[in-house]
>>> print(open('start_2.txt').read())   # compact mmCIF, C-alpha atoms
# COMPACT_ATOMS: atom_id res chain seq x y z
CA MET A 1359 23.31 -3.40 28.78
CA GLU A 1360 23.46 -6.51 26.59
CA PRO A 1361 22.43 -6.10 22.93
CA VAL A 1362 19.63 -8.65 23.42
CA ASN A 1363 18.34 -6.63 26.37
CA ASP A 1364 18.57 -3.48 24.25
CA ILE A 1365 16.31 -5.04 21.64
CA ALA A 1366 13.89 -6.38 24.25
CA GLN A 1367 13.68 -2.95 25.89
CA LEU A 1368 12.98 -1.29 22.55
CA VAL A 1369 10.27 -3.84 21.76
CA VAL A 1370 8.58 -3.19 25.11
CA ASN A 1371 8.78 0.56 24.55
CA GLY A 1372 7.39 0.10 21.04
CA LEU A 1373 4.42 -1.93 22.26
CA MET A 1374 3.63 0.75 24.85
CA SER A 1375 3.82 3.59 22.33
CA GLY A 1376 2.03 1.51 19.69
CA ALA A 1377 -0.92 1.00 22.04
CA ILE A 1378 -1.25 4.78 22.36
CA LEU A 1379 -1.11 5.20 18.56
CA ALA A 1380 -3.72 2.45 18.18
CA VAL A 1381 -6.54 4.53 19.69
CA PRO A 1382 -6.44 7.41 17.15
CA ALA A 1383 -5.56 4.91 14.38
CA ILE A 1384 -8.82 3.12 15.18
CA ALA A 1385 -10.57 6.50 14.99
CA PHE A 1386 -9.15 7.13 11.52
CA SER A 1387 -10.12 3.65 10.29
CA LEU A 1388 -13.59 3.73 11.85
CA ILE A 1389 -14.47 7.01 10.13
CA PHE A 1390 -13.05 5.71 6.84
CA ALA A 1391 -15.03 2.46 7.13
CA VAL A 1392 -18.38 4.21 7.48
CA LEU A 1393 -17.89 7.40 5.43
CA GLN A 1394 -15.27 6.12 2.93
CA VAL A 1395 -13.18 9.29 3.38
CA SER A 1396 -9.82 10.02 5.00
CA ASN A 1397 -10.33 12.66 7.68
CA PHE A 1398 -6.96 14.13 8.61
CA SER A 1399 -8.54 16.55 11.09
CA VAL A 1400 -8.13 13.63 13.50
CA ALA A 1401 -4.84 15.38 14.36
CA ALA A 1402 -6.58 18.53 15.61
CA HIS A 1403 -9.06 16.47 17.62
CA ILE A 1404 -6.13 14.72 19.29
CA ALA A 1405 -4.90 18.16 20.38
CA LEU A 1406 -8.43 19.12 21.42
CA GLY A 1407 -8.65 16.05 23.64
CA ALA A 1408 -5.28 16.87 25.18
CA TYR A 1409 -6.36 20.43 26.00
CA ALA A 1410 -9.71 19.24 27.35
CA ALA A 1411 -7.80 16.92 29.67
CA TYR A 1412 -5.55 19.82 30.67
CA VAL A 1413 -8.54 21.95 31.66
CA VAL A 1414 -10.23 19.14 33.57
CA ASN A 1415 -7.13 17.77 35.28
CA THR A 1416 -4.73 20.68 35.76
CA VAL A 1417 -7.09 23.67 35.92
CA LEU A 1418 -10.07 22.08 37.69
CA GLY A 1419 -8.09 19.46 39.61
CA LEU A 1420 -10.24 16.47 38.62
CA PRO A 1421 -8.79 12.96 38.19
CA ILE A 1422 -7.56 11.51 34.90
CA VAL A 1423 -10.66 9.31 34.55
CA ALA A 1424 -12.82 12.44 34.37
CA ALA A 1425 -10.35 14.00 31.94
CA VAL A 1426 -10.62 10.98 29.62
CA ALA A 1427 -14.44 11.11 29.67
CA ILE A 1428 -14.61 14.86 29.00
CA ALA A 1429 -11.97 14.63 26.27
CA PHE A 1430 -14.03 11.94 24.53
CA VAL A 1431 -17.24 14.00 24.63
CA ALA A 1432 -15.58 17.32 23.72
CA ALA A 1433 -13.65 15.92 20.75
CA GLY A 1434 -16.69 13.93 19.60
CA VAL A 1435 -19.03 16.93 19.67
CA VAL A 1436 -16.55 19.19 17.88
CA GLY A 1437 -15.91 16.39 15.38
CA VAL A 1438 -19.60 16.06 14.49
CA ALA A 1439 -20.06 19.84 14.24
CA SER A 1440 -16.95 20.43 12.12
CA ASP A 1441 -17.77 17.48 9.85
CA HIS A 1442 -21.33 18.75 9.33
CA LEU A 1443 -20.25 22.31 8.58
CA ALA A 1444 -17.02 21.82 6.65
CA LEU A 1445 -16.81 18.31 5.17
CA LYS A 1446 -20.30 16.95 4.60
CA PRO A 1447 -21.15 19.52 1.86
CA LEU A 1448 -18.04 18.39 -0.04
CA ARG A 1449 -18.62 14.62 0.03
CA ARG A 1450 -20.44 14.64 -3.29
CA HIS A 1451 -17.21 15.93 -4.88
CA GLY A 1452 -15.29 12.78 -3.96
CA PRO A 1453 -12.95 11.46 -1.25
CA ILE A 1454 -9.87 13.34 -2.46
CA THR A 1455 -11.67 16.66 -2.08
CA VAL A 1456 -12.81 15.74 1.43
CA ALA A 1457 -9.31 14.60 2.40
CA ILE A 1458 -7.80 17.91 1.27
CA ALA A 1459 -10.58 19.86 3.00
CA SER A 1460 -9.94 17.91 6.21
CA MET A 1461 -6.33 19.12 6.15
CA ALA A 1462 -7.58 22.70 5.90
CA LEU A 1463 -10.06 22.02 8.71
CA ASN A 1464 -7.19 20.66 10.77
CA LEU A 1465 -5.29 23.94 10.39
CA VAL A 1466 -8.38 25.96 11.38
CA LEU A 1467 -8.96 23.90 14.53
CA GLU A 1468 -5.28 23.96 15.49
CA ASN A 1469 -5.19 27.74 15.19
CA MET A 1470 -8.36 28.05 17.26
CA LEU A 1471 -6.60 26.07 19.99
CA ARG A 1472 -3.56 28.30 19.59
CA PHE A 1473 -5.78 31.37 19.93
CA GLY A 1474 -7.45 29.99 23.04
CA PHE A 1475 -4.46 28.48 24.86
CA GLY A 1476 -1.46 30.16 23.26
CA ASN A 1477 1.76 28.45 22.25
CA THR A 1478 2.94 27.81 25.80
CA VAL A 1479 3.69 24.15 26.44
CA GLN A 1480 1.31 22.69 29.03
CA ALA A 1481 1.32 19.47 31.04
CA LEU A 1482 -1.10 17.35 33.01
CA ASN A 1483 -0.93 17.24 36.78
CA ILE A 1484 0.13 13.65 37.37
CA PRO A 1485 2.47 12.07 39.90
CA VAL A 1486 5.96 10.99 38.86
CA TYR A 1487 6.92 7.38 39.55
CA ARG A 1488 10.22 5.59 39.45
CA ASP A 1489 10.59 2.99 36.70
CA TRP A 1490 9.78 -0.61 37.42
CA VAL A 1491 12.61 -3.03 36.65
CA LEU A 1492 11.47 -6.50 35.58
CA GLY A 1493 14.06 -8.96 34.33
CA GLY A 1494 16.41 -6.13 33.43
CA LEU A 1495 13.69 -4.26 31.50
CA HIS A 1496 12.63 -0.77 32.57
CA ILE A 1497 8.92 0.00 32.42
CA ALA A 1498 7.64 3.47 33.27
CA PRO A 1499 4.50 3.08 35.41
CA GLN A 1500 2.71 5.87 33.52
CA GLN A 1501 3.42 4.10 30.23
CA PHE A 1502 1.90 0.93 31.65
CA TYR A 1503 -1.17 2.81 32.89
CA ASN A 1504 -1.54 4.38 29.44
CA PHE A 1505 -1.33 0.89 27.95
CA LEU A 1506 -4.15 -0.28 30.25
CA ILE A 1507 -6.34 2.72 29.38
CA ALA A 1508 -5.77 2.15 25.66
CA ALA A 1509 -6.52 -1.57 26.03
CA ALA A 1510 -9.73 -0.85 27.96
CA VAL A 1511 -10.88 1.63 25.31
CA MET A 1512 -10.15 -0.84 22.50
CA VAL A 1513 -11.97 -3.69 24.24
CA ALA A 1514 -15.00 -1.45 24.85
CA LEU A 1515 -15.07 -0.42 21.18
CA PHE A 1516 -14.73 -3.99 19.92
CA CYS A 1517 -17.61 -5.06 22.18
CA LEU A 1518 -19.70 -2.15 20.86
CA LEU A 1519 -19.02 -3.10 17.25
CA ALA A 1520 -19.41 -6.85 17.71
CA PHE A 1521 -22.27 -7.29 20.18
CA THR A 1522 -24.61 -4.29 19.92
CA SER A 1523 -27.23 -3.20 17.40
CA ILE A 1524 -25.28 0.04 16.89
CA GLY A 1525 -22.19 -1.93 15.90
CA LYS A 1526 -24.21 -4.08 13.50
CA ALA A 1527 -25.73 -0.94 11.96
CA MET A 1528 -22.26 0.57 11.51
CA ARG A 1529 -21.02 -2.56 9.80
CA ALA A 1530 -24.10 -2.59 7.56
CA VAL A 1531 -23.61 1.03 6.51
CA ALA A 1532 -19.89 0.42 5.96
CA ASP A 1533 -20.65 -2.57 3.69
CA ASN A 1534 -23.55 -1.09 1.71
CA PRO A 1535 -25.24 2.18 2.79
CA VAL A 1536 -28.01 1.85 0.16
CA LEU A 1537 -28.97 -1.65 1.29
CA ALA A 1538 -28.74 -0.56 4.93
CA ASP A 1539 -31.17 2.28 4.18
CA ILE A 1540 -33.60 -0.18 2.59
CA LYS A 1541 -33.37 -2.31 5.74
CA GLY A 1542 -34.45 0.67 7.86
CA ILE A 1543 -31.03 1.87 9.06
CA ASP A 1544 -30.47 5.63 8.79
CA PRO A 1545 -27.04 6.01 7.13
CA GLU A 1546 -26.89 9.71 8.03
CA PHE A 1547 -27.38 9.03 11.75
CA ILE A 1548 -24.86 6.19 11.67
CA SER A 1549 -22.37 8.42 9.88
CA ARG A 1550 -22.70 11.10 12.55
CA LEU A 1551 -22.39 8.48 15.27
CA ALA A 1552 -19.24 7.08 13.63
CA VAL A 1553 -17.71 10.57 13.49
CA PHE A 1554 -18.64 11.20 17.13
CA ILE A 1555 -17.11 7.93 18.32
CA GLY A 1556 -14.10 8.26 16.03
CA MET A 1557 -13.23 11.81 17.01
CA GLY A 1558 -13.98 10.97 20.63
CA LEU A 1559 -11.40 8.19 20.39
CA ALA A 1560 -8.98 10.70 18.86
CA GLY A 1561 -9.59 12.89 21.92
CA ILE A 1562 -8.77 9.97 24.21
CA GLY A 1563 -5.63 9.42 22.16
CA GLY A 1564 -4.75 13.04 22.89
CA VAL A 1565 -5.07 12.38 26.62
CA LEU A 1566 -2.79 9.35 26.37
CA ILE A 1567 -0.20 11.36 24.45
CA ALA A 1568 -0.50 14.19 26.98
CA LEU A 1569 0.14 11.72 29.80
CA ASP A 1570 3.35 10.74 28.07
CA ALA A 1571 4.49 14.11 26.67
CA ALA A 1572 3.81 17.85 26.68
CA ILE A 1573 0.70 19.54 25.28
CA GLU A 1574 0.81 22.16 22.53
CA PRO A 1575 -1.46 22.96 19.55
CA THR A 1576 0.40 20.74 17.08
CA VAL A 1577 0.63 17.71 19.36
CA GLY A 1578 -1.74 15.81 17.06
CA PHE A 1579 -0.03 16.87 13.85
CA ARG A 1580 3.28 15.46 15.13
CA VAL A 1581 1.79 11.95 15.30
CA ILE A 1582 -0.61 11.96 12.34
CA LEU A 1583 1.95 10.30 10.03
CA PRO A 1584 2.46 7.16 12.17
CA ILE A 1585 -1.31 7.09 12.83
CA PHE A 1586 -2.06 7.18 9.09
CA ALA A 1587 0.70 4.62 8.49
CA ALA A 1588 -0.84 2.30 11.09
CA ALA A 1589 -4.28 2.64 9.48
CA VAL A 1590 -2.91 1.97 5.99
CA LEU A 1591 -0.73 -0.92 7.15
CA GLY A 1592 -3.68 -2.51 8.94
CA GLY A 1593 -6.03 -1.85 6.03
CA LEU A 1594 -8.08 1.35 5.83
CA GLY A 1595 -11.45 0.69 7.42
CA ASN A 1596 -10.22 -2.37 9.33
CA VAL A 1597 -10.42 -1.57 13.05
CA ALA A 1598 -8.53 -4.68 14.19
CA GLY A 1599 -5.97 -4.02 11.48
CA ALA A 1600 -5.44 -0.49 12.80
CA VAL A 1601 -4.44 -1.95 16.17
CA ALA A 1602 -2.03 -4.44 14.57
CA GLY A 1603 -0.61 -1.70 12.34
CA ALA A 1604 -0.11 0.67 15.27
CA LEU A 1605 1.74 -1.96 17.30
CA LEU A 1606 3.97 -2.78 14.32
CA VAL A 1607 4.71 0.89 13.64
CA GLY A 1608 5.42 1.52 17.33
CA VAL A 1609 7.87 -1.36 17.56
CA ALA A 1610 9.48 -0.48 14.21
CA GLU A 1611 10.00 3.14 15.30
CA GLU A 1612 11.75 2.01 18.47
CA LEU A 1613 13.89 -0.63 16.76
CA SER A 1614 14.95 1.91 14.15
CA LEU A 1615 16.91 3.66 16.92
CA LEU A 1616 19.41 0.80 16.72
CA VAL A 1617 20.54 1.93 13.27
CA LEU A 1618 19.13 5.43 12.71
CA PRO A 1619 19.46 8.74 14.57
CA VAL A 1620 16.37 9.70 16.53
CA ALA A 1621 15.70 12.54 14.07
CA TYR A 1622 14.87 9.94 11.38
CA ARG A 1623 12.41 8.02 13.53
CA SER A 1624 9.42 9.64 11.84
CA ALA A 1625 10.59 8.23 8.49
CA ILE A 1626 9.39 4.81 9.63
CA GLY A 1627 5.83 5.94 8.94
CA PHE A 1628 6.71 6.65 5.31
CA PHE A 1629 8.36 3.23 4.94
CA ALA A 1630 5.32 1.53 6.51
CA ILE A 1631 2.99 3.23 4.01
CA ILE A 1632 5.23 2.28 1.06
CA ILE A 1633 5.50 -1.34 2.22
CA ALA A 1634 1.75 -1.55 2.72
CA LEU A 1635 0.98 -0.13 -0.72
CA LEU A 1636 3.52 -2.42 -2.43
CA PHE A 1637 2.91 -5.71 -0.65
CA PHE A 1638 -0.31 -5.37 1.39
CA PRO A 1639 -2.59 -3.01 -0.58
CA ARG A 1640 -5.59 -4.18 1.48
CA GLY A 1641 -3.65 -4.18 4.74
CA ILE A 1642 -1.99 -6.96 6.69
CA LEU A 1643 -5.36 -8.20 7.92
CA GLY A 1644 -7.26 -7.41 4.73
CA LYS A 1645 -8.73 -9.91 2.28
CA ARG A 1646 -6.77 -10.84 -0.82
>>> encode(input="start_2.txt", output="structure tokens")
Amino acid sequence: MEPVNDIAQLVVNGLMSGAILAVPAIAFSLIFAVLQVSNFSVAAHIALGAYAAYVVNTVLGLPIVAAVAIAFVAAGVVGVASDHLALKPLRRHGPITVAIASMALNLVLENMLRFGFGNTVQALNIPVYRDWVLGGLHIAPQQFYNFLIAAAVMVALFCLLAFTSIGKAMRAVADNPVLADIKGIDPEFISRLAVFIGMGLAGIGGVLIALDAAIEPTVGFRVILPIFAAAVLGGLGNVAGAVAGALLVGVAEELSLLVLPVAYRSAIGFFAIIIALLFFPRGILGKR
């Protein structure tokens, strides 16, 4: 294959994988925007969504659409419950405390999944397709379907945030919770709703990852670094920025294979965070 085609193939692969990363990256940024805390238990909720999809699709034999819906609800409900029990009481102690506690919560939830499903690698029951070849580029049909699902989820969320009263209330609470309360918006309800939607999106991200790879209890932990990097690069709390950051991280990870062994691919997330903090402290789409 020509070098130019190599690069083009890697860019296509990066955009496909970046779209999958974008969904949980949005979840991370959405929760940060409303609650002003970094919740790293997003990783465990990714795994929870993957296992929910496994039960619905592989065990019960229902289609992927049903698996996506159940994963969203299951991860969202567990997210609200775990946030209320474990993280909410610690918010008065500051965001660093909550961030550290969310890491501990992540370990608890991961081990609960390990206790329930074991360490055996699982997979969804999906058909296997031959790659499409377009202009010399190979596109896996399942990757393309994942891209479409991710795009549909992102469009639905942007419409919710931009055109509904719920979205306006979330933006109001994110900007100034005290003023929003004065205007009659319940910040506590909006916070719970943001956690539900955010962790639900993380669950959908777990389904997308499960469609592309195997399922095991640490499936979310393996991708939390590029997810966090995408959120930081796009600007923490900036939903659109999280999408842009995820696509950039996805493409950068793939292009790194031209010069780095695959074992060092995860280092791209570290470089993205460093670059963002040095040159784009408010994110690539953030205000100056």
>>> atom_distance(input="start_2.txt", atom1="CA of Ala1630 (chain A)", atom2="CA of Ala1587 (chain A)")
5.9 Å
>>> atom_distance(input="start_2.txt", atom1="CA of Leu1379 (chain A)", atom2="CA of Ala1457 (chain A)")
20.4 Å
>>> residues_around(input="start_2.txt", residues="Arg1550 (chain A)", least_positions_apart="4", cutoff="8 Å", atoms="all atoms listed in the file", output="PyMOL selection string")
chain A and resi 1438+1546+1554
>>> closest_residue(input="start_2.txt", among="A:Ala1530, A:Val1491, A:Leu1465, A:Ala1377", to="Gly1542 (chain A)", atoms="all atoms listed in the file")
A:Ala1530
>>> closest_residue(input="start_2.txt", among="A:Val1597, A:Ile1633, A:Leu1482, A:Val1369", to="Val1513 (chain A)", atoms="all atoms listed in the file")
A:Val1597
>>> closest_residue(input="start_2.txt", among="A:Val1423, A:Ala1402, A:Val1581, A:Leu1515", to="Gly1608 (chain A)", atoms="all atoms listed in the file")
A:Val1581
>>> residues_around(input="start_2.txt", residues="region 1570-1577 of chain A", least_positions_apart="6", cutoff="8 Å", atoms="only C-alpha atoms", output="ChimeraX atom specification")
/A:1401-1402,1404-1405,1408-1409,1468-1469,1471-1472,1477-1481,1500-1501,1564
>>> atom_distance(input="start_2.txt", atom1="CA of Val1431 (chain A)", atom2="CA of Pro1584 (chain A)")
24.3 Å
>>> residues_around(input="start_2.txt", residues="Ile1384 (chain A)", least_positions_apart="4", cutoff="12 Å", atoms="only C-alpha atoms", output="PyMOL selection string")
chain A and resi 1376-1380+1388-1391+1400+1508+1511-1513+1515-1516+1552-1553+1555-1563+1585-1590+1592-1605
>>> residues_around(input="start_2.txt", residues="Phe1502 (chain A)", least_positions_apart="5", cutoff="12 Å", atoms="all atoms listed in the file", output="list in words")
Val1370, Asn1371, Gly1372, Leu1373, Met1374, Ser1375, Gly1376, Ala1377, Ile1378, Tyr1487, Asp1489, Trp1490, His1496, Ile1497, Ile1507, Ala1508, Ala1509, Leu1566, Leu1569 and Asp1570 of chain A
>>> closest_residue(input="start_2.txt", among="A:Pro1453, A:Ala1429, A:Leu1591, A:Ala1621", to="Arg1640 (chain A)", atoms="only C-alpha atoms")
A:Leu1591
